[in-house]
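Structure data follow from input04.cif (mmCIF, C-alpha atoms):
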```
data_my_file
#
loop_
_atom_site.label_atom_id
_atom_site.label_comp_id
_atom_site.auth_asym_id
_atom_site.auth_seq_id
_atom_site.Cartn_x
_atom_site.Cartn_y
_atom_site.Cartn_z
CA MET A 173 -16.36 -6.02 -22.62
CA PRO A 174 -14.73 -5.44 -19.20
CA ARG A 175 -12.89 -2.18 -18.69
CA CYS A 176 -9.23 -2.21 -17.63
CA THR A 177 -8.54 -0.73 -14.23
CA ALA A 178 -6.80 2.63 -14.23
CA THR A 179 -3.63 1.14 -12.72
CA ARG A 180 -3.30 -1.62 -15.31
CA THR A 181 -4.11 0.75 -18.14
CA VAL A 182 -1.51 3.34 -17.14
CA ALA A 183 1.14 0.62 -16.87
CA ALA A 184 0.31 -0.67 -20.34
CA THR A 185 0.23 2.84 -21.78
CA CYS A 186 3.70 3.68 -20.47
CA LEU A 187 5.07 0.84 -22.60
CA LEU A 188 3.69 2.49 -25.76
CA LEU A 189 5.29 5.88 -25.37
CA ALA A 190 8.84 5.33 -26.60
CA ALA A 191 7.72 5.52 -30.22
CA GLY A 192 6.24 9.02 -29.82
CA HIS A 193 7.24 12.33 -31.39
CA ALA A 194 10.74 12.52 -29.87
CA THR A 195 13.48 14.03 -32.03
CA ALA A 196 16.92 15.50 -31.38
CA GLN A 197 16.74 18.38 -28.91
CA ASP A 198 13.11 17.65 -28.20
CA PHE A 199 12.20 19.38 -24.92
CA TYR A 200 9.47 16.81 -24.30
CA ASP A 201 11.49 13.68 -25.11
CA ILE A 202 10.36 11.12 -22.51
CA GLU A 203 13.78 9.44 -22.56
CA VAL A 204 15.63 12.59 -21.40
CA LEU A 205 15.59 13.90 -17.81
CA ARG A 206 16.82 17.49 -17.88
CA THR A 207 17.43 19.89 -15.01
CA ALA A 208 15.90 23.36 -15.00
CA ARG A 209 17.77 25.76 -12.70
CA LEU A 210 15.93 28.95 -11.77
CA SER A 211 17.83 31.76 -10.02
CA PHE A 212 15.42 34.43 -8.82
CA HIS A 213 16.40 38.09 -8.87
CA ASP A 214 14.73 38.88 -5.53
CA ALA A 215 15.75 37.49 -2.14
CA ASP A 216 12.11 37.16 -0.99
CA TRP A 217 11.05 35.25 -4.11
CA LYS A 218 8.99 32.64 -2.24
CA GLN A 219 6.78 35.25 -0.63
CA MET A 220 6.53 37.20 -3.87
CA LEU A 221 5.31 34.10 -5.70
CA ARG A 222 2.63 33.54 -3.08
CA ASP A 223 1.59 37.19 -3.02
CA ASN A 224 1.28 37.22 -6.82
CA TYR A 225 -0.74 34.01 -7.12
CA PHE A 226 -4.17 35.54 -7.69
CA SER A 227 -2.94 38.41 -9.88
CA GLU A 228 -0.73 36.01 -11.89
CA THR A 229 2.05 38.60 -11.81
CA LEU A 230 5.42 37.30 -12.97
CA ILE A 231 8.68 37.78 -11.06
CA GLY A 232 12.14 37.79 -12.61
CA ALA A 233 14.66 34.95 -12.72
CA ASP A 234 17.42 33.50 -14.85
CA LEU A 235 16.88 29.99 -16.22
CA GLU A 236 19.60 27.46 -17.03
CA ILE A 237 18.93 24.27 -19.00
CA ASP A 238 21.59 22.00 -20.52
CA GLY A 239 24.28 24.56 -19.69
CA GLU A 240 22.57 27.40 -21.57
CA VAL A 241 21.37 30.42 -19.59
CA TYR A 242 18.14 32.21 -20.51
CA PRO A 243 18.16 35.57 -18.68
CA ASP A 244 15.19 37.52 -17.38
CA VAL A 245 12.44 34.92 -17.59
CA GLY A 246 9.14 35.52 -15.79
CA VAL A 247 7.90 33.02 -13.19
CA ARG A 248 4.65 32.57 -11.27
CA ILE A 249 2.74 29.87 -9.42
CA ARG A 250 0.26 28.07 -11.67
CA GLY A 251 -2.66 25.75 -11.08
CA ASN A 252 -5.81 25.73 -8.99
CA THR A 253 -6.19 23.00 -6.35
CA SER A 254 -2.60 21.95 -7.02
CA TYR A 255 -1.71 25.11 -5.08
CA THR A 256 -4.72 26.05 -2.95
CA ALA A 257 -5.21 22.49 -1.62
CA LEU A 258 -1.55 21.74 -0.86
CA PRO A 259 -0.98 20.32 2.64
CA ALA A 260 0.01 22.86 5.28
CA GLY A 261 3.69 23.68 5.04
CA SER A 262 4.13 22.23 1.55
CA GLU A 263 6.16 24.42 -0.79
CA LYS A 264 6.25 22.25 -3.89
CA PHE A 265 3.95 24.40 -5.99
CA SER A 266 3.61 24.23 -9.75
CA LEU A 267 5.42 26.89 -11.78
CA LYS A 268 4.79 28.68 -15.06
CA VAL A 269 7.82 30.15 -16.83
CA ASP A 270 7.51 32.74 -19.62
CA VAL A 271 10.88 32.53 -21.35
CA ASP A 272 10.15 35.57 -23.55
CA TRP A 273 8.96 37.80 -20.67
CA ILE A 274 11.65 40.45 -21.33
CA HIS A 275 13.38 39.18 -24.47
CA ASP A 276 10.74 38.67 -27.17
CA ASP A 277 12.64 36.14 -29.27
CA GLN A 278 13.98 34.03 -26.39
CA GLU A 279 12.98 30.34 -26.53
CA VAL A 280 13.95 27.03 -24.93
CA MET A 281 14.26 24.52 -27.79
CA GLY A 282 11.47 26.29 -29.68
CA TYR A 283 9.16 26.96 -26.71
CA LYS A 284 8.41 30.25 -24.95
CA ASN A 285 5.96 29.04 -22.27
CA LEU A 286 6.99 26.27 -19.86
CA ASN A 287 4.89 24.48 -17.26
CA PHE A 288 6.47 22.61 -14.35
CA ASN A 289 3.66 20.75 -12.56
CA ASN A 290 3.87 19.27 -9.06
CA ALA A 291 1.80 16.12 -9.85
CA PHE A 292 -0.74 17.02 -7.19
CA HIS A 293 -2.58 13.93 -5.84
CA ASP A 294 -0.47 11.66 -8.07
CA PRO A 295 2.02 9.59 -6.06
CA THR A 296 3.27 7.96 -9.28
CA PHE A 297 4.20 11.27 -10.98
CA CYS A 298 3.33 9.43 -14.22
CA ARG A 299 -0.37 9.97 -14.89
CA GLU A 300 -0.08 13.31 -16.70
CA VAL A 301 2.95 12.17 -18.69
CA ALA A 302 1.35 8.90 -19.76
CA TYR A 303 -2.01 10.52 -20.54
CA ASN A 304 -0.69 13.37 -22.67
CA ASN A 305 1.68 11.27 -24.73
CA TYR A 306 -0.90 8.56 -25.32
CA VAL A 307 -3.58 11.04 -26.44
CA ALA A 308 -1.04 12.80 -28.67
CA ARG A 309 -0.69 9.59 -30.67
CA PHE A 310 -4.19 10.16 -32.03
CA ILE A 311 -5.21 13.84 -31.89
CA PRO A 312 -3.64 17.28 -31.39
CA ASN A 313 -2.63 17.38 -27.74
CA PRO A 314 0.12 18.72 -25.46
CA ARG A 315 2.99 16.36 -24.66
CA ALA A 316 4.85 15.90 -21.39
CA ASN A 317 7.88 14.36 -19.72
CA HIS A 318 9.71 14.72 -16.41
CA ILE A 319 12.19 17.39 -15.37
CA LEU A 320 14.29 18.13 -12.29
CA VAL A 321 13.86 21.62 -10.87
CA GLU A 322 16.37 23.63 -8.82
CA LEU A 323 15.32 26.91 -7.23
CA ASN A 324 18.17 29.20 -6.15
CA GLY A 325 20.52 26.26 -5.85
CA GLU A 326 18.12 23.98 -3.95
CA ASN A 327 16.88 20.71 -5.44
CA TRP A 328 13.06 20.76 -5.46
CA GLY A 329 12.81 17.33 -7.03
CA VAL A 330 11.02 15.90 -10.04
CA TYR A 331 8.27 17.86 -11.78
CA VAL A 332 6.01 17.08 -14.72
CA ASN A 333 7.11 19.17 -17.71
CA THR A 334 3.91 19.79 -19.70
CA GLN A 335 3.67 21.47 -23.09
CA GLN A 336 1.60 24.65 -23.21
CA PRO A 337 -1.56 24.20 -25.35
CA ASN A 338 -0.87 27.23 -27.54
CA LYS A 339 0.14 28.11 -31.09
CA ASP A 340 3.46 26.26 -30.73
CA MET A 341 1.52 23.06 -30.06
CA LEU A 342 -1.04 23.71 -32.79
CA ASP A 343 1.77 24.28 -35.29
CA ASP A 344 2.73 20.62 -34.88
CA TRP A 345 -0.72 19.51 -36.03
CA PHE A 346 -2.37 22.08 -38.28
CA ALA A 347 -1.23 23.59 -41.56
CA ASP A 348 -2.31 27.00 -40.21
CA ASP A 349 -2.00 27.84 -36.50
CA ASP A 350 -3.52 31.32 -36.76
CA GLY A 351 -7.12 30.27 -36.13
CA MET A 352 -9.41 31.23 -33.27
CA ARG A 353 -8.46 29.57 -29.98
CA ILE A 354 -10.81 29.53 -26.99
CA LYS A 355 -10.14 28.24 -23.49
CA CYS A 356 -12.75 26.91 -21.07
CA ALA A 357 -11.22 26.74 -17.59
CA ASN A 358 -12.03 24.29 -14.80
CA ASN A 359 -15.58 24.63 -13.54
CA PRO A 360 -17.66 21.97 -11.73
CA PHE A 361 -20.65 23.12 -13.78
CA GLY A 362 -18.87 23.66 -17.07
CA PRO A 363 -20.71 25.27 -19.99
CA GLY A 364 -19.96 22.29 -22.24
CA LEU A 365 -20.54 24.22 -25.51
CA GLN A 366 -24.25 24.39 -24.66
CA TYR A 367 -26.18 27.00 -26.64
CA ARG A 368 -27.44 29.75 -24.31
CA GLY A 369 -28.89 32.19 -26.80
CA THR A 370 -27.27 35.04 -28.70
CA SER A 371 -26.31 37.30 -25.76
CA PRO A 372 -22.52 37.48 -25.22
CA THR A 373 -23.11 37.68 -21.46
CA GLN A 374 -24.17 34.02 -21.48
CA TYR A 375 -20.71 32.92 -22.64
CA ARG A 376 -18.49 34.41 -19.94
CA ASP A 377 -17.11 30.97 -19.04
CA TYR A 378 -15.02 31.07 -22.21
CA GLU A 379 -11.79 33.00 -22.75
CA ILE A 380 -10.86 34.00 -26.29
CA GLN A 381 -7.08 33.53 -26.35
CA ASP A 382 -6.70 34.21 -30.08
CA ASP A 383 -9.46 35.80 -32.16
CA GLY A 384 -8.08 34.21 -35.33
CA GLY A 385 -8.49 37.49 -37.18
CA LEU A 386 -12.29 37.29 -36.99
CA ALA A 387 -14.23 40.52 -36.64
CA ASP A 388 -16.66 38.86 -34.20
CA PRO A 389 -15.01 35.72 -32.79
CA LEU A 390 -17.66 35.22 -30.11
CA ALA A 391 -20.39 35.07 -32.77
CA ALA A 392 -18.46 32.27 -34.49
CA HIS A 393 -18.19 30.44 -31.17
CA ILE A 394 -21.92 30.87 -30.48
CA MET A 395 -22.66 29.35 -33.90
CA VAL A 396 -20.68 26.25 -32.91
CA CYS A 397 -22.63 26.01 -29.64
CA ASP A 398 -25.88 26.33 -31.61
CA ALA A 399 -24.78 23.63 -34.04
CA VAL A 400 -23.80 20.98 -31.49
CA THR A 401 -26.85 21.75 -29.31
CA ASN A 402 -29.67 22.25 -31.79
CA TRP A 403 -28.79 21.11 -35.29
CA ALA A 404 -30.20 17.73 -36.28
CA SER A 405 -28.05 16.74 -39.26
CA SER A 406 -24.53 15.48 -38.57
CA SER A 407 -23.44 16.55 -42.05
CA ASP A 408 -24.57 20.10 -41.26
CA ILE A 409 -22.90 20.09 -37.84
CA ASP A 410 -19.67 18.85 -39.40
CA THR A 411 -19.40 21.97 -41.56
CA VAL A 412 -18.69 24.08 -38.45
CA PHE A 413 -17.68 21.47 -35.82
CA ALA A 414 -15.19 18.73 -36.72
CA ILE A 415 -17.12 15.72 -35.41
CA ASP A 416 -14.62 12.92 -36.01
CA PRO A 417 -11.49 14.39 -34.35
CA SER A 418 -13.61 15.86 -31.55
CA ALA A 419 -15.16 12.44 -30.94
CA TRP A 420 -11.66 11.02 -30.48
CA SER A 421 -11.01 13.70 -27.86
CA VAL A 422 -14.00 12.91 -25.64
CA ALA A 423 -13.62 9.16 -26.13
CA LEU A 424 -10.03 9.30 -24.89
CA GLU A 425 -11.10 11.45 -21.93
CA ASN A 426 -13.59 8.76 -21.03
CA LEU A 427 -11.22 5.82 -21.57
CA LEU A 428 -8.47 7.38 -19.45
CA SER A 429 -10.97 8.81 -16.91
CA ASP A 430 -10.02 12.48 -16.97
CA ASP A 431 -11.96 14.07 -14.10
CA ASP A 432 -11.39 17.65 -15.31
CA SER A 433 -12.67 17.25 -18.83
CA TYR A 434 -15.45 17.95 -21.28
CA SER A 435 -16.82 14.42 -20.98
CA ASN A 436 -17.05 14.62 -17.18
CA LYS A 437 -17.60 18.24 -16.11
CA GLY A 438 -18.03 20.05 -19.42
CA CYS A 439 -14.94 22.15 -18.71
CA ASP A 440 -11.14 22.28 -18.91
CA PHE A 441 -11.03 22.05 -22.69
CA MET A 442 -10.02 24.27 -25.57
CA THR A 443 -11.43 24.77 -29.05
CA TYR A 444 -9.49 25.60 -32.17
CA ARG A 445 -11.09 26.89 -35.37
CA ASP A 446 -9.03 25.77 -38.34
CA PRO A 447 -8.89 28.85 -40.61
CA ILE A 448 -8.46 26.66 -43.68
CA ASP A 449 -11.89 24.98 -43.53
CA GLY A 450 -13.57 27.01 -40.78
CA ARG A 451 -14.30 23.95 -38.64
CA THR A 452 -13.84 23.99 -34.86
CA HIS A 453 -12.01 21.18 -33.07
CA LEU A 454 -12.67 20.20 -29.45
CA LEU A 455 -9.28 19.59 -27.78
CA GLN A 456 -7.96 18.76 -24.34
CA ARG A 457 -5.73 21.01 -22.25
CA ASP A 458 -5.34 19.56 -18.75
CA ALA A 459 -4.55 15.99 -17.69
CA ASN A 460 -3.49 16.28 -14.06
CA GLU A 461 -6.74 14.70 -12.81
CA SER A 462 -6.68 11.70 -15.18
CA TRP A 463 -6.59 7.96 -14.35
CA THR A 464 -9.07 8.56 -11.52
CA GLU A 465 -11.81 6.00 -12.23
CA SER A 466 -12.12 2.45 -13.55
CA GLU A 467 -15.87 2.03 -14.05
CA TRP A 468 -16.99 4.83 -16.36
CA SER A 469 -19.53 3.74 -18.94
CA PRO A 470 -18.54 4.31 -22.59
CA THR A 471 -21.76 6.33 -22.91
CA ARG A 472 -21.22 8.37 -19.76
CA ASN A 473 -23.16 11.68 -19.87
CA PHE A 474 -24.80 10.85 -23.21
CA SER A 475 -28.05 12.14 -21.69
CA ALA A 476 -26.50 15.30 -20.19
CA THR A 477 -28.06 18.19 -22.08
CA ASN A 478 -25.36 20.57 -20.78
CA LYS A 479 -22.80 18.52 -22.77
CA PRO A 480 -24.40 18.53 -26.23
CA VAL A 481 -21.35 17.07 -28.00
CA LEU A 482 -22.28 13.90 -26.12
CA SER A 483 -26.05 14.19 -25.78
CA ASN A 484 -26.91 15.60 -29.22
CA VAL A 485 -24.02 14.63 -31.50
CA LEU A 486 -22.48 11.37 -30.28
CA SER A 487 -25.66 9.85 -28.85
CA ASP A 488 -27.06 9.72 -32.39
CA PRO A 489 -26.03 6.34 -33.92
#
```

Take the structure I supplied and represent it as structure tokens, if you would.
Amino acid sequence: MPRCTATRTVAATCLLLAAGHATAQDFYDIEVLRTARLSFHDADWKQMLRDNYFSETLIGADLEIDGEVYPDVGVRIRGNTSYTALPAGSEKFSLKVDVDWIHDDQEVMGYKNLNFNNAFHDPTFCREVAYNNYVARFIPNPRANHILVELNGENWGVYVNTQQPNKDMLDDWFADDDGMRIKCANNPFGPGLQYRGTSPTQYRDYEIQDDGGLADPLAAHIMVCDAVTNWASSSDIDTVFAIDPSAWSVALENLLSDDDSYSNKGCDFMTYRDPIDGRTHLLQRDANESWTESEWSPTRNFSATNKPVLSNVLSDP
């Protein structure tokens, strides 16, 4: 069956989004265009943001949304190539805002971590919004909409407002959001959950963001890698790795051609271990490089041994 081109698919997908998760006072309602006004505490805030990029050090600001002021939020530049590969002279960098930086209980409509993305390499400003909301119709996934951003009284234009893939997001999908959460960042040679033996030094590409209360969370992660790489029985694998929902994740990555993804690079994903049944789910966390191809095979990378969810699990009829 012929594949839709990325352009035609994104246009069709946009028509499906209005029936999403939107509710009253939903920060990610695609039918609402809010304005986020950041007033930095320091006069040299632009230089401070640049200087703090690699250390990820936050600087102080007050945030106003819908007429409500949230004092003392922390702000930094976020992203990789969306900052380092910006054209010379460009200042429209992506921003991360920690609403609870100083005030622990401070939230914006239930959220403490905000991401304002600059839609790098996306002249439509729609790919990340369409991708996230479409995927979130089927599996646990961040949502997104658009937002206007003002910095110290200046209009910096439209940004993509993307939900943080954290416990707040997981709470929308799982009965218990206190499980182990692991992040695998962008890497052209991603580890792809490949089993590399029992030594913890072989798993440095992963960041444990929440240990889920486990005494040895890395050992639990290594068991998952062993299962998807070496175990032969799908029923056995499914006891520690949730095959069906994880298959949806990589299939959607392929369909919507997400360049930074498990199915392409073996990176830029997260795993969540549901503490109720002990099974790990493979989830997505970054969609800014989606809608990039139109000719990916449905079985792309099914022979790639460094992506065993594809080569060992899904390649088995």

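Surrounding segment 404-418 of chain A within 6 Å are Ala399, Trp420, Ser421, Arg451, Thr452, His453 and Leu454 of chain A, with only C-alpha atoms counted and residues fewer than 2 positions along the same chain left out.
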
Practice task
Using only C-alpha atoms, find all polymer residues with an atom at most 10 Å away from the point (-25.2, 19.6, -15.0); report them as an MDAnalysis selection string.
Solution key: chainID A and resid 360:364 436:438 473 476:479

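Evaluating the PyMOL selection byres ((chain A and resi 456) around 8) against the shown model yields Asn313, Ser421, Ser433, Asp440, Phe441, Met442, Leu454, Leu455, Arg457, Asp458 and Ala459 of chain A.
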
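Among the candidate residues A:Ala260, A:Val330, A:Ala308, A:Leu427, the one lying nearest to Phe288 of chain A is A:Val330, with distances computed using all atoms listed in the file.
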
Exercise for the section: Let me know the residues the PyMOL selection byres ((chain A and resi 235) around 8) catches in the file above, as a PyMOL selection string. Expected result: chain A and resi 208-211+233-234+236-237+241-245

Could you write out that same residue set with C-alpha atoms as a short mmCIF file (atom, residue, chain, number, x, y, z; two decimals), in the coordinates of the input?
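Result file result_22.cif:
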```cif
data_model
loop_
_atom_site.label_atom_id
_atom_site.label_comp_id
_atom_site.auth_asym_id
_atom_site.auth_seq_id
_atom_site.Cartn_x
_atom_site.Cartn_y
_atom_site.Cartn_z
CA ALA A 208 15.90 23.36 -15.00
CA ARG A 209 17.77 25.76 -12.70
CA LEU A 210 15.93 28.95 -11.77
CA SER A 211 17.83 31.76 -10.02
CA ALA A 233 14.66 34.95 -12.72
CA ASP A 234 17.42 33.50 -14.85
CA GLU A 236 19.60 27.46 -17.03
CA ILE A 237 18.93 24.27 -19.00
CA VAL A 241 21.37 30.42 -19.59
CA TYR A 242 18.14 32.21 -20.51
CA PRO A 243 18.16 35.57 -18.68
CA ASP A 244 15.19 37.52 -17.38
CA VAL A 245 12.44 34.92 -17.59
#
```

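With atom CA of Arg250 of chain A on one side and atom CA of Glu228 of chain A on the other, the separation reads 8.0 Å.
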
Completion exercise
Separating atom CA of Tyr434 of chain A from atom CA of Gln335 of chain A, to the nearest tenth of an Å, is a gap of 19.5 Å

Exercise for the section: Could you check how far atom CA of Gly329 of chain A sits from atom CA of Ala257 of chain A, in Å to one decimal? Expected result: 19.5 Å

Practice task
Determine the nearest neighbour of Val280 of chain A from the options A:Pro312, A:His213, A:Tyr200, A:Ile231, counting only C-alpha atoms.
Solution key: A:Tyr200

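Checking A:Arg315, A:Lys339, A:Lys264, A:His393 one by one against Lys284 of chain A, counting all atoms listed in the file, you find the shortest gap at A:Lys339.
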
Let me have the centre and edge lengths in Å, one decimal, of the box along x, y and z around every listed atom of segment 444-460 of chain A with 4 Å of margin on each side, as AutoDock Vina command-line options.
```
--center_x -8.9 --center_y 22.4 --center_z -28.9 --size_x 18.8 --size_y 20.9 --size_z 37.6
```

If you take only C-alpha atoms and a cut-off of 10 Å, which residues of segment 428-488 of chain A touch segment 294-297 of chain A, and what are their nearest atom pairs and distances in Å to one decimal, in chain and number order, as a Markdown table?
```
| residue | atom | partner | partner_atom | distance |
| --- | --- | --- | --- | --- |
| A:Asn460 | CA | A:Asp294 | CA | 8.1 |
| A:Glu461 | CA | A:Asp294 | CA | 8.4 |
| A:Ser462 | CA | A:Asp294 | CA | 9.4 |
| A:Trp463 | CA | A:Asp294 | CA | 9.5 |
| A:Thr464 | CA | A:Asp294 | CA | 9.8 |
```

Handout entry: Residue with smallest distance to Ile319 of chain A - pool A:Val307, A:Ile448, A:Ala419, A:Val301, counting only C-alpha atoms
Key = A:Val301

Handout entry: All residues 9 Å or closer to Ala291 of chain A, only C-alpha atoms, same chain fewer than 5 positions away omitted, as JSON, numbers by chain
Key = {"A": [254, 266, 296, 297, 298, 299, 300, 331, 332, 460]}

Can I get the selected residues back with C-alpha atoms, as a PDB file, in the coordinates of the input?
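Here's the written file result.pdb:
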```pdb
ATOM      1  CA  SER A 254      -2.600  21.950  -7.020  1.00  0.00           C
ATOM      2  CA  SER A 266       3.610  24.230  -9.750  1.00  0.00           C
ATOM      3  CA  THR A 296       3.270   7.960  -9.280  1.00  0.00           C
ATOM      4  CA  PHE A 297       4.200  11.270 -10.980  1.00  0.00           C
ATOM      5  CA  CYS A 298       3.330   9.430 -14.220  1.00  0.00           C
ATOM      6  CA  ARG A 299      -0.370   9.970 -14.890  1.00  0.00           C
ATOM      7  CA  GLU A 300      -0.080  13.310 -16.700  1.00  0.00           C
ATOM      8  CA  TYR A 331       8.270  17.860 -11.780  1.00  0.00           C
ATOM      9  CA  VAL A 332       6.010  17.080 -14.720  1.00  0.00           C
ATOM     10  CA  ASN A 460      -3.490  16.280 -14.060  1.00  0.00           C
TER      11      ASN A 460
END
```
